[in-house]
Every structure is written in C-alpha cells, then in structure tokens.
Amino acid sequence: MMIKLGLLGEHLSHSLSPKIHNLLFEELELEGKYDLFEKKEKDVSEFIEEVSKKTIGINVTIPYKIKVISSLDWISEEAKKIGAVNTIHFKDGKKYGYNTDYFGFSRLLGQNDIDVLNKEVVILGAGGAARAVITCVRDLKAKEIVVVARNLEKATSELENLLDKDIRIISFDDLEKENKKGYLIINSTPVGMFPNIEACPVSDNIIKNYEACVDLIYNPLETEFLKKARLGGKKSVNGMFMLVAQAIASEEIWLDKKIGNNTIEKISKRINDKINIILIGMPGSGKSYIGKKLAERLNREFIDSDEYLQNLEKKSISELFQVGEEYFRQAETKTIRKISLEKNKIISTGGGVIKNYENIELLKKNGIIIFLNRPLEKIIEDIDIDSRPLLLKGKEQIYNIYNQRLKLYKKYSDYIIENKTSVDEVVDSIISIIK
Ligand code: NAP
C-alpha cells in the first residue's frame, strides 16, 4: 500500500525533506510519497482536516508549529514542554502531535559524542528550534543553561512556560560582556543561513570560550560560525544530521517502528554522496585540473561547465563573448540550469559564474560549493590568455577581476580551499572536508 506523507509550511521550495523521506522509503523498501503543502495561515486548520483523510501523517514547519496545536486531539510530553509540534500522526480518526526536533537534536549530540551532563550550555536564539534544544539539554541535565536573545522581553514572555530557575535569558551584549568559558554553544538563530552566509551570530572572542560549537543550520553545511570554530580547533557540527534524525523520528511515529541510528547515518551519507561538488574560483585557479583528479579519487563523473556550454551552444567561449558578455552570461545560466539537475558529479564552473545569483541558487539546490583560492602570482605564471576573453587586454587584468569577485567567491562558497600546495594535498583537503 502506498504510504502518503508530506510537509506543511509557508515557503517550501528549498526543502530537503522530500529527498530525505524518499531515501528512507528506498532503505526500508516501502512504497511512499512525500509531498510539499505550501499553505497560507488562514487555510491551515481546514487543510489539516482535509489532509487527515488522505495521509497517515505530516510534518509541520515554519511558521505553523504552534498554530497547528489547536487542531489536534492530543500532544506528546515533549511537544507540550516545548510548546510546538512538527509531526502530526492521523490515526483512528484522531490527530496526534509530536516534536521530533527534540529527538533529532539529542541524536545529533549522541552521534558527535557531545555530552552535556553537568556542563555549561549556551543557546543562541529563543525561537521554535531553540525551545526543542533547551528542553533537550535540560532533560540531559546540563549544569547551566543560558539562552541568548536579541529581544529579552519577547523571549522571556515566549519562553515563560519553559523556563525554570536554572535557565537564564541574556542579551547578545551581555554574552560578550560576561565573556565566560563553557562547554557547548549552539546557534539556533538563522544568522549565517544562505544567502546571508557571511553573518556570524557572535564574535570570535565568544567562540573561543567553548569546546564544542553546534549550528542547527545545514545550508551552507559550514556556516561562518562553524568555520571559525573549526579553524579555532573546536568540535564543530552542522544541522544536517539533526535534520535527517528528526525526519526519521517522524517516520518511526507514523510507521510505528524503530528505525535507529544506523539508518540515520546511512541516509545522511547518501544525501552527501548524491550531492554535487562544485568548484568555483578565478580562471586559472585549477578548477578543471583538480576537479578531474577529485573525480578520479571519488570515482565520480567530472563535468566542465564551459565545455558543456560550448557543446550546448555549438560555439566556443570566445565566439560567444564576441557577441557580448551579456549573451555569454545568458548561455551560461542556461547551462547551469541543466547541470544543476545532475547528481553525484564533480563540476568545475567558469570563473564568472558567481556574477549571476541565479546560478548560485541553482547549483546550491543539489551541491556544495568549494572556492579554490590560488595565489594570483601562480595564476599569472601559467595562464593562457588566448583562451580567456576577459584577459585579452593583458594578464594584469586578473588583479581587477580578482578584486571585483573575491567577495562573491567567499560569500557563495560552503568551503574555501587554498590551492597553494600540491594537487594531491588539495584533493585530500577537499575529500576530508566533504567527509
Ligand atoms: P524561529 O522560530 O524563527 O526563531 C529564530 C530565533 O532566532 C528567534 O529567537 C529570533 O529572534 C532569532 N533571530 C533571528 N534573527 C536574528 C538575528 N539577526 N540576531 C539574533 N537573533 C536572531 O526559527 P527556528 O525554527 O527556531 O529556526 C532557527 C534556525 O534553526 C533556522 O536556521 C532553521 O533552519 C534551523 N533549524 C534546523 C533544524 C534542523 O533539523 N537542523 C530544525 C529546526 C530549525 P526574534 O524572536 O527576536 O525574531
């Protein structure tokens, strides 16, 4: 029998949930369908009534995790404590609500050997996800829990039912002023999420006070907050495992069966395996050469987007540029649209791909972006200007182009790899980051 499920929310086009649930159906050898239900707030109650007759359950996401509670017959202990529901089970004519963000987060801690028992924990943000995190670390008996909010009054009133005397709410300024050492700091704000990926919720001074840093964000996989943590030698963990774990905890409820951590690991791995690895960077930064080597090592297919474009348009890059850069950029976006549908590939892109934001959105849908940053002196040494239309006026042009583009390369990449050492070492660094 076909199992019908789905996700209720306001804006869902970027959701990874269908991908996760479809992989799970494959793993469990079930025939299932996971749909996206984008609804306006006024239609939510009626929709729940309607969908309860057609599916065995749905997930709920921003901004309806609280609103749906009034439509339910029963809610679980965690969901009650947290005050939010992200999973609804329709059974025997009744509607049951659960919160699996709680389980997702506790599994993420377990998976990464982060043990908060008797430790100090700081949680940035006081929204829906923070409520699940606070409840979880309190249940795991953290010694001290500090919630950091930008609006103290709002946070205090919203967290009223959740708080007890062990939990303090402070401002971001207070956190900086107190400058205390602790064990774990968790970002549960959207600060640093795509496309505002240069943002970081706290200063470097704060990050260095903690042993472990968790970011609930999974796009990009490494936020600025986590990048700083990793470079400072801290344990740094992104929100991908939690996302998969909460999805699987929902399936456990709907299917009434234990699925377990092995499957979460397998699916997290399969999601990463299917994801394209996209290299961006200046002309001559080694994207094609390193891309080919990486493809060999990972046993994946390699795509050079410029070659793909030339085959598609039946013209060389120089010929396309002769018509005009605008014309070339349009053809490039057409190519990227096709390439972005690929899975499990290593993709090297043209140096100017970052000039059109649409390209980045397309590539990110199914890929992680790595900026290969090579010293300009090295690029100048061995670049062939005849095949680079933008350098026809001289190699020195490379400095101007680099200055114009550096900010965008950094902004749109999930990871930055310095291409300063041997090819093998660079390929090793990329592989270790992906793993
Ligand atoms: P939410 O309910 O909207 O709460 C966001 C919280 O962050 C609020 O406290 C908000 O404060 C605060 N905030 C927003 N912008 C801020 C800023 N510029 N500076 C300081 N604080 C700021 O959202 P949510 O559902 O909790 O989600 C938060 C993040 O967790 C999102 O990035 C989401 O993708 C991620 N998440 C991940 C998973 C996972 O499975 N990995 C699950 C759930 C959520 P105000 O109340 O003052 O606006």
# chains A, B, ... in the order shown; residues from 1 in each chain; ligands from 1
$ closest_atom_pairs --of "chain A" --to "ligand 1" --cutoff "7 Å" --atoms "only C-alpha atoms and all ligand atoms" --output "JSON lines"
{"residue": "A:Ile62", "atom": "CA", "partner": "ligand 1", "partner_atom_place_in_ligand_line": "25 (O)", "distance": 6.0}
{"residue": "A:Asp101", "atom": "CA", "partner": "ligand 1", "partner_atom_place_in_ligand_line": "42 (C)", "distance": 5.9}
{"residue": "A:Gly104", "atom": "CA", "partner": "ligand 1", "partner_atom_place_in_ligand_line": "40 (O)", "distance": 6.6}
{"residue": "A:Gly125", "atom": "CA", "partner": "ligand 1", "partner_atom_place_in_ligand_line": "9 (O)", "distance": 3.9}
{"residue": "A:Ala126", "atom": "CA", "partner": "ligand 1", "partner_atom_place_in_ligand_line": "9 (O)", "distance": 3.6}
{"residue": "A:Gly127", "atom": "CA", "partner": "ligand 1", "partner_atom_place_in_ligand_line": "4 (O)", "distance": 3.3}
{"residue": "A:Gly128", "atom": "CA", "partner": "ligand 1", "partner_atom_place_in_ligand_line": "26 (O)", "distance": 3.8}
{"residue": "A:Ala129", "atom": "CA", "partner": "ligand 1", "partner_atom_place_in_ligand_line": "26 (O)", "distance": 3.6}
{"residue": "A:Ala130", "atom": "CA", "partner": "ligand 1", "partner_atom_place_in_ligand_line": "26 (O)", "distance": 5.4}
{"residue": "A:Ala149", "atom": "CA", "partner": "ligand 1", "partner_atom_place_in_ligand_line": "21 (N)", "distance": 6.0}
{"residue": "A:Arg150", "atom": "CA", "partner": "ligand 1", "partner_atom_place_in_ligand_line": "20 (C)", "distance": 5.1}
{"residue": "A:Asn151", "atom": "CA", "partner": "ligand 1", "partner_atom_place_in_ligand_line": "47 (O)", "distance": 5.0}
{"residue": "A:Lys154", "atom": "CA", "partner": "ligand 1", "partner_atom_place_in_ligand_line": "46 (O)", "distance": 6.8}
{"residue": "A:Ala155", "atom": "CA", "partner": "ligand 1", "partner_atom_place_in_ligand_line": "46 (O)", "distance": 6.5}
{"residue": "A:Ser188", "atom": "CA", "partner": "ligand 1", "partner_atom_place_in_ligand_line": "30 (O)", "distance": 4.7}
{"residue": "A:Thr189", "atom": "CA", "partner": "ligand 1", "partner_atom_place_in_ligand_line": "7 (O)", "distance": 3.5}
{"residue": "A:Pro190", "atom": "CA", "partner": "ligand 1", "partner_atom_place_in_ligand_line": "32 (O)", "distance": 3.5}
{"residue": "A:Val191", "atom": "CA", "partner": "ligand 1", "partner_atom_place_in_ligand_line": "18 (N)", "distance": 5.5}
{"residue": "A:Met193", "atom": "CA", "partner": "ligand 1", "partner_atom_place_in_ligand_line": "32 (O)", "distance": 6.0}
{"residue": "A:Pro201", "atom": "CA", "partner": "ligand 1", "partner_atom_place_in_ligand_line": "19 (N)", "distance": 6.3}
{"residue": "A:Leu216", "atom": "CA", "partner": "ligand 1", "partner_atom_place_in_ligand_line": "41 (N)", "distance": 4.4}
{"residue": "A:Ile217", "atom": "CA", "partner": "ligand 1", "partner_atom_place_in_ligand_line": "32 (O)", "distance": 4.7}
{"residue": "A:Tyr218", "atom": "CA", "partner": "ligand 1", "partner_atom_place_in_ligand_line": "41 (N)", "distance": 6.0}
{"residue": "A:Gly239", "atom": "CA", "partner": "ligand 1", "partner_atom_place_in_ligand_line": "41 (N)", "distance": 3.7}
{"residue": "A:Met240", "atom": "CA", "partner": "ligand 1", "partner_atom_place_in_ligand_line": "41 (N)", "distance": 5.4}
{"residue": "A:Met242", "atom": "CA", "partner": "ligand 1", "partner_atom_place_in_ligand_line": "40 (O)", "distance": 4.5}
{"residue": "A:Leu243", "atom": "CA", "partner": "ligand 1", "partner_atom_place_in_ligand_line": "40 (O)", "distance": 3.3}
{"residue": "A:Val244", "atom": "CA", "partner": "ligand 1", "partner_atom_place_in_ligand_line": "40 (O)", "distance": 7.0}
{"residue": "A:Gln246", "atom": "CA", "partner": "ligand 1", "partner_atom_place_in_ligand_line": "40 (O)", "distance": 6.3}
$ residues_around --residues "A:Leu363" --least-positions-apart "6" --cutoff "10 Å" --atoms "only C-alpha atoms" --output "PyMOL selection string"
chain A and resi 276-278+336-342+347+369
$ write_last_selection --atoms "N, CA, C and O atoms" --output "PDB file, in the first residue's frame"
ATOM      1  N   ASN A 276      26.320  17.124  -5.587  1.00  0.00           N
ATOM      2  CA  ASN A 276      27.413  17.514  -6.476  1.00  0.00           C
ATOM      3  C   ASN A 276      28.458  18.314  -5.705  1.00  0.00           C
ATOM      4  O   ASN A 276      28.126  19.029  -4.756  1.00  0.00           O
ATOM      5  N   ILE A 277      29.698  18.200  -6.120  1.00  0.00           N
ATOM      6  CA  ILE A 277      30.751  19.047  -5.550  1.00  0.00           C
ATOM      7  C   ILE A 277      31.132  20.042  -6.636  1.00  0.00           C
ATOM      8  O   ILE A 277      31.555  19.643  -7.733  1.00  0.00           O
ATOM      9  N   ILE A 278      30.933  21.324  -6.343  1.00  0.00           N
ATOM     10  CA  ILE A 278      31.092  22.349  -7.364  1.00  0.00           C
ATOM     11  C   ILE A 278      32.292  23.231  -7.036  1.00  0.00           C
ATOM     12  O   ILE A 278      32.400  23.738  -5.919  1.00  0.00           O
ATOM     13  N   ILE A 336      23.971  26.133 -16.631  1.00  0.00           N
ATOM     14  CA  ILE A 336      23.962  25.821 -15.191  1.00  0.00           C
ATOM     15  C   ILE A 336      22.613  25.201 -14.804  1.00  0.00           C
ATOM     16  O   ILE A 336      22.541  24.287 -13.987  1.00  0.00           O
ATOM     17  N   ARG A 337      21.544  25.698 -15.439  1.00  0.00           N
ATOM     18  CA  ARG A 337      20.217  25.144 -15.136  1.00  0.00           C
ATOM     19  C   ARG A 337      20.205  23.640 -15.450  1.00  0.00           C
ATOM     20  O   ARG A 337      19.686  22.844 -14.683  1.00  0.00           O
ATOM     21  N   LYS A 338      20.809  23.264 -16.553  1.00  0.00           N
ATOM     22  CA  LYS A 338      20.849  21.837 -16.920  1.00  0.00           C
ATOM     23  C   LYS A 338      21.771  21.067 -15.975  1.00  0.00           C
ATOM     24  O   LYS A 338      21.408  20.013 -15.453  1.00  0.00           O
ATOM     25  N   ILE A 339      22.959  21.613 -15.749  1.00  0.00           N
ATOM     26  CA  ILE A 339      23.946  20.904 -14.926  1.00  0.00           C
ATOM     27  C   ILE A 339      23.440  20.728 -13.489  1.00  0.00           C
ATOM     28  O   ILE A 339      23.732  19.734 -12.833  1.00  0.00           O
ATOM     29  N   SER A 340      22.672  21.701 -13.005  1.00  0.00           N
ATOM     30  CA  SER A 340      22.245  21.640 -11.598  1.00  0.00           C
ATOM     31  C   SER A 340      21.298  20.464 -11.342  1.00  0.00           C
ATOM     32  O   SER A 340      21.038  20.110 -10.204  1.00  0.00           O
ATOM     33  N   LEU A 341      20.780  19.867 -12.415  1.00  0.00           N
ATOM     34  CA  LEU A 341      19.897  18.705 -12.236  1.00  0.00           C
ATOM     35  C   LEU A 341      20.702  17.414 -12.075  1.00  0.00           C
ATOM     36  O   LEU A 341      20.165  16.363 -11.742  1.00  0.00           O
ATOM     37  N   GLU A 342      22.009  17.495 -12.328  1.00  0.00           N
ATOM     38  CA  GLU A 342      22.869  16.309 -12.205  1.00  0.00           C
ATOM     39  C   GLU A 342      23.001  15.908 -10.745  1.00  0.00           C
ATOM     40  O   GLU A 342      22.768  16.710  -9.845  1.00  0.00           O
ATOM     41  N   ILE A 347      31.830  19.216 -10.464  1.00  0.00           N
ATOM     42  CA  ILE A 347      31.548  20.209 -11.510  1.00  0.00           C
ATOM     43  C   ILE A 347      32.514  21.389 -11.385  1.00  0.00           C
ATOM     44  O   ILE A 347      32.601  22.018 -10.325  1.00  0.00           O
ATOM     45  N   ILE A 369      29.439  24.030  -2.589  1.00  0.00           N
ATOM     46  CA  ILE A 369      30.303  24.868  -3.415  1.00  0.00           C
ATOM     47  C   ILE A 369      31.634  25.095  -2.707  1.00  0.00           C
ATOM     48  O   ILE A 369      31.669  25.486  -1.543  1.00  0.00           O
TER      49      ILE A 369
END
$ residues_around --residues "stretch 36-43 of chain A" --least-positions-apart "5" --cutoff "10 Å" --atoms "only C-alpha atoms" --output "PyMOL selection string"
chain A and resi 5-13+15+17-18+48+51+58-60+63-64+67
$ select_by_dssp --residues "stretch 160-241 of chain A" --states "strand (DSSP E)" --output "list in words"
Ile167, Arg168, Ile169, Ile170, Gly182, Tyr183, Leu184, Ile185, Ile186, Asn187, Tyr210, Glu211, Ala212, Cys213, Val214, Asp215, Lys235, Ser236 and Val237 of chain A
$ select_by_dssp --residues "stretch 66-249 of chain A" --states "alpha helix (DSSP H)" --output "PyMOL selection string"
chain A and resi 77-82+100-111+128-139+152-158+172-178+204-207+224-231+240-249
$ closest_residue --among "A:Leu28, A:Ile186, A:Ala84, A:Ile267" --to "A:Thr100" --atoms "only C-alpha atoms"
A:Ala84
$ residues_around --residues "A:Asn161" --least-positions-apart "2" --cutoff "12 Å" --atoms "only C-alpha atoms" --output "VMD selection string"
chain A and resid 80 to 84 131 134 to 135 155 to 159 163 to 165 167
$ atom_distance --atom1 "atom CA of A:Asn344" --atom2 "atom CA of A:Gly367"
8.6 Å
$ atom_distance --atom1 "atom CA of A:Lys269" --atom2 "atom CA of A:Thr349"
24.8 Å
$ residues_around --residues "A:Lys411" --least-positions-apart "6" --cutoff "10 Å" --atoms "only C-alpha atoms" --output "PDB file with N, CA, C and O atoms, in the first residue's frame"
ATOM      1  N   PHE A 194      22.106  30.638   4.264  1.00  0.00           N
ATOM      2  CA  PHE A 194      22.090  31.087   2.871  1.00  0.00           C
ATOM      3  C   PHE A 194      20.892  32.001   2.623  1.00  0.00           C
ATOM      4  O   PHE A 194      19.805  31.680   3.087  1.00  0.00           O
ATOM      5  N   PRO A 195      20.965  33.163   1.972  1.00  0.00           N
ATOM      6  CA  PRO A 195      22.137  33.670   1.274  1.00  0.00           C
ATOM      7  C   PRO A 195      23.024  34.590   2.128  1.00  0.00           C
ATOM      8  O   PRO A 195      24.019  35.074   1.618  1.00  0.00           O
ATOM      9  N   ASN A 196      22.653  34.824   3.398  1.00  0.00           N
ATOM     10  CA  ASN A 196      23.458  35.775   4.199  1.00  0.00           C
ATOM     11  C   ASN A 196      24.573  35.054   4.927  1.00  0.00           C
ATOM     12  O   ASN A 196      24.671  35.082   6.165  1.00  0.00           O
ATOM     13  N   ILE A 197      25.402  34.366   4.149  1.00  0.00           N
ATOM     14  CA  ILE A 197      26.307  33.407   4.770  1.00  0.00           C
ATOM     15  C   ILE A 197      27.559  34.013   5.371  1.00  0.00           C
ATOM     16  O   ILE A 197      28.333  33.320   5.997  1.00  0.00           O
ATOM     17  N   GLU A 198      27.715  35.340   5.205  1.00  0.00           N
ATOM     18  CA  GLU A 198      28.901  35.935   5.847  1.00  0.00           C
ATOM     19  C   GLU A 198      28.618  36.292   7.298  1.00  0.00           C
ATOM     20  O   GLU A 198      29.525  36.611   8.057  1.00  0.00           O
ATOM     21  N   ALA A 199      27.341  36.249   7.681  1.00  0.00           N
ATOM     22  CA  ALA A 199      26.979  36.676   9.035  1.00  0.00           C
ATOM     23  C   ALA A 199      27.337  35.607  10.064  1.00  0.00           C
ATOM     24  O   ALA A 199      27.303  34.411   9.779  1.00  0.00           O
ATOM     25  N   GLU A 224      29.659  30.477   8.799  1.00  0.00           N
ATOM     26  CA  GLU A 224      30.793  31.287   9.275  1.00  0.00           C
ATOM     27  C   GLU A 224      31.104  30.924  10.739  1.00  0.00           C
ATOM     28  O   GLU A 224      32.265  30.793  11.125  1.00  0.00           O
ATOM     29  N   ILE A 354      29.715  33.321 -10.563  1.00  0.00           N
ATOM     30  CA  ILE A 354      29.166  33.980  -9.355  1.00  0.00           C
ATOM     31  C   ILE A 354      28.537  35.334  -9.688  1.00  0.00           C
ATOM     32  O   ILE A 354      27.942  35.956  -8.822  1.00  0.00           O
ATOM     33  N   PHE A 371      35.262  27.067  -2.979  1.00  0.00           N
ATOM     34  CA  PHE A 371      36.038  28.132  -3.637  1.00  0.00           C
ATOM     35  C   PHE A 371      37.510  27.733  -3.596  1.00  0.00           C
ATOM     36  O   PHE A 371      38.099  27.588  -2.531  1.00  0.00           O
ATOM     37  N   ARG A 405      35.694  40.101  -7.705  1.00  0.00           N
ATOM     38  CA  ARG A 405      34.960  38.849  -7.466  1.00  0.00           C
ATOM     39  C   ARG A 405      35.203  38.193  -6.117  1.00  0.00           C
ATOM     40  O   ARG A 405      34.391  37.367  -5.692  1.00  0.00           O
TER      41      ARG A 405
END
$ atom_distance --atom1 "atom CA of A:Gly291" --atom2 "atom CA of A:Ile398"
21.6 Å
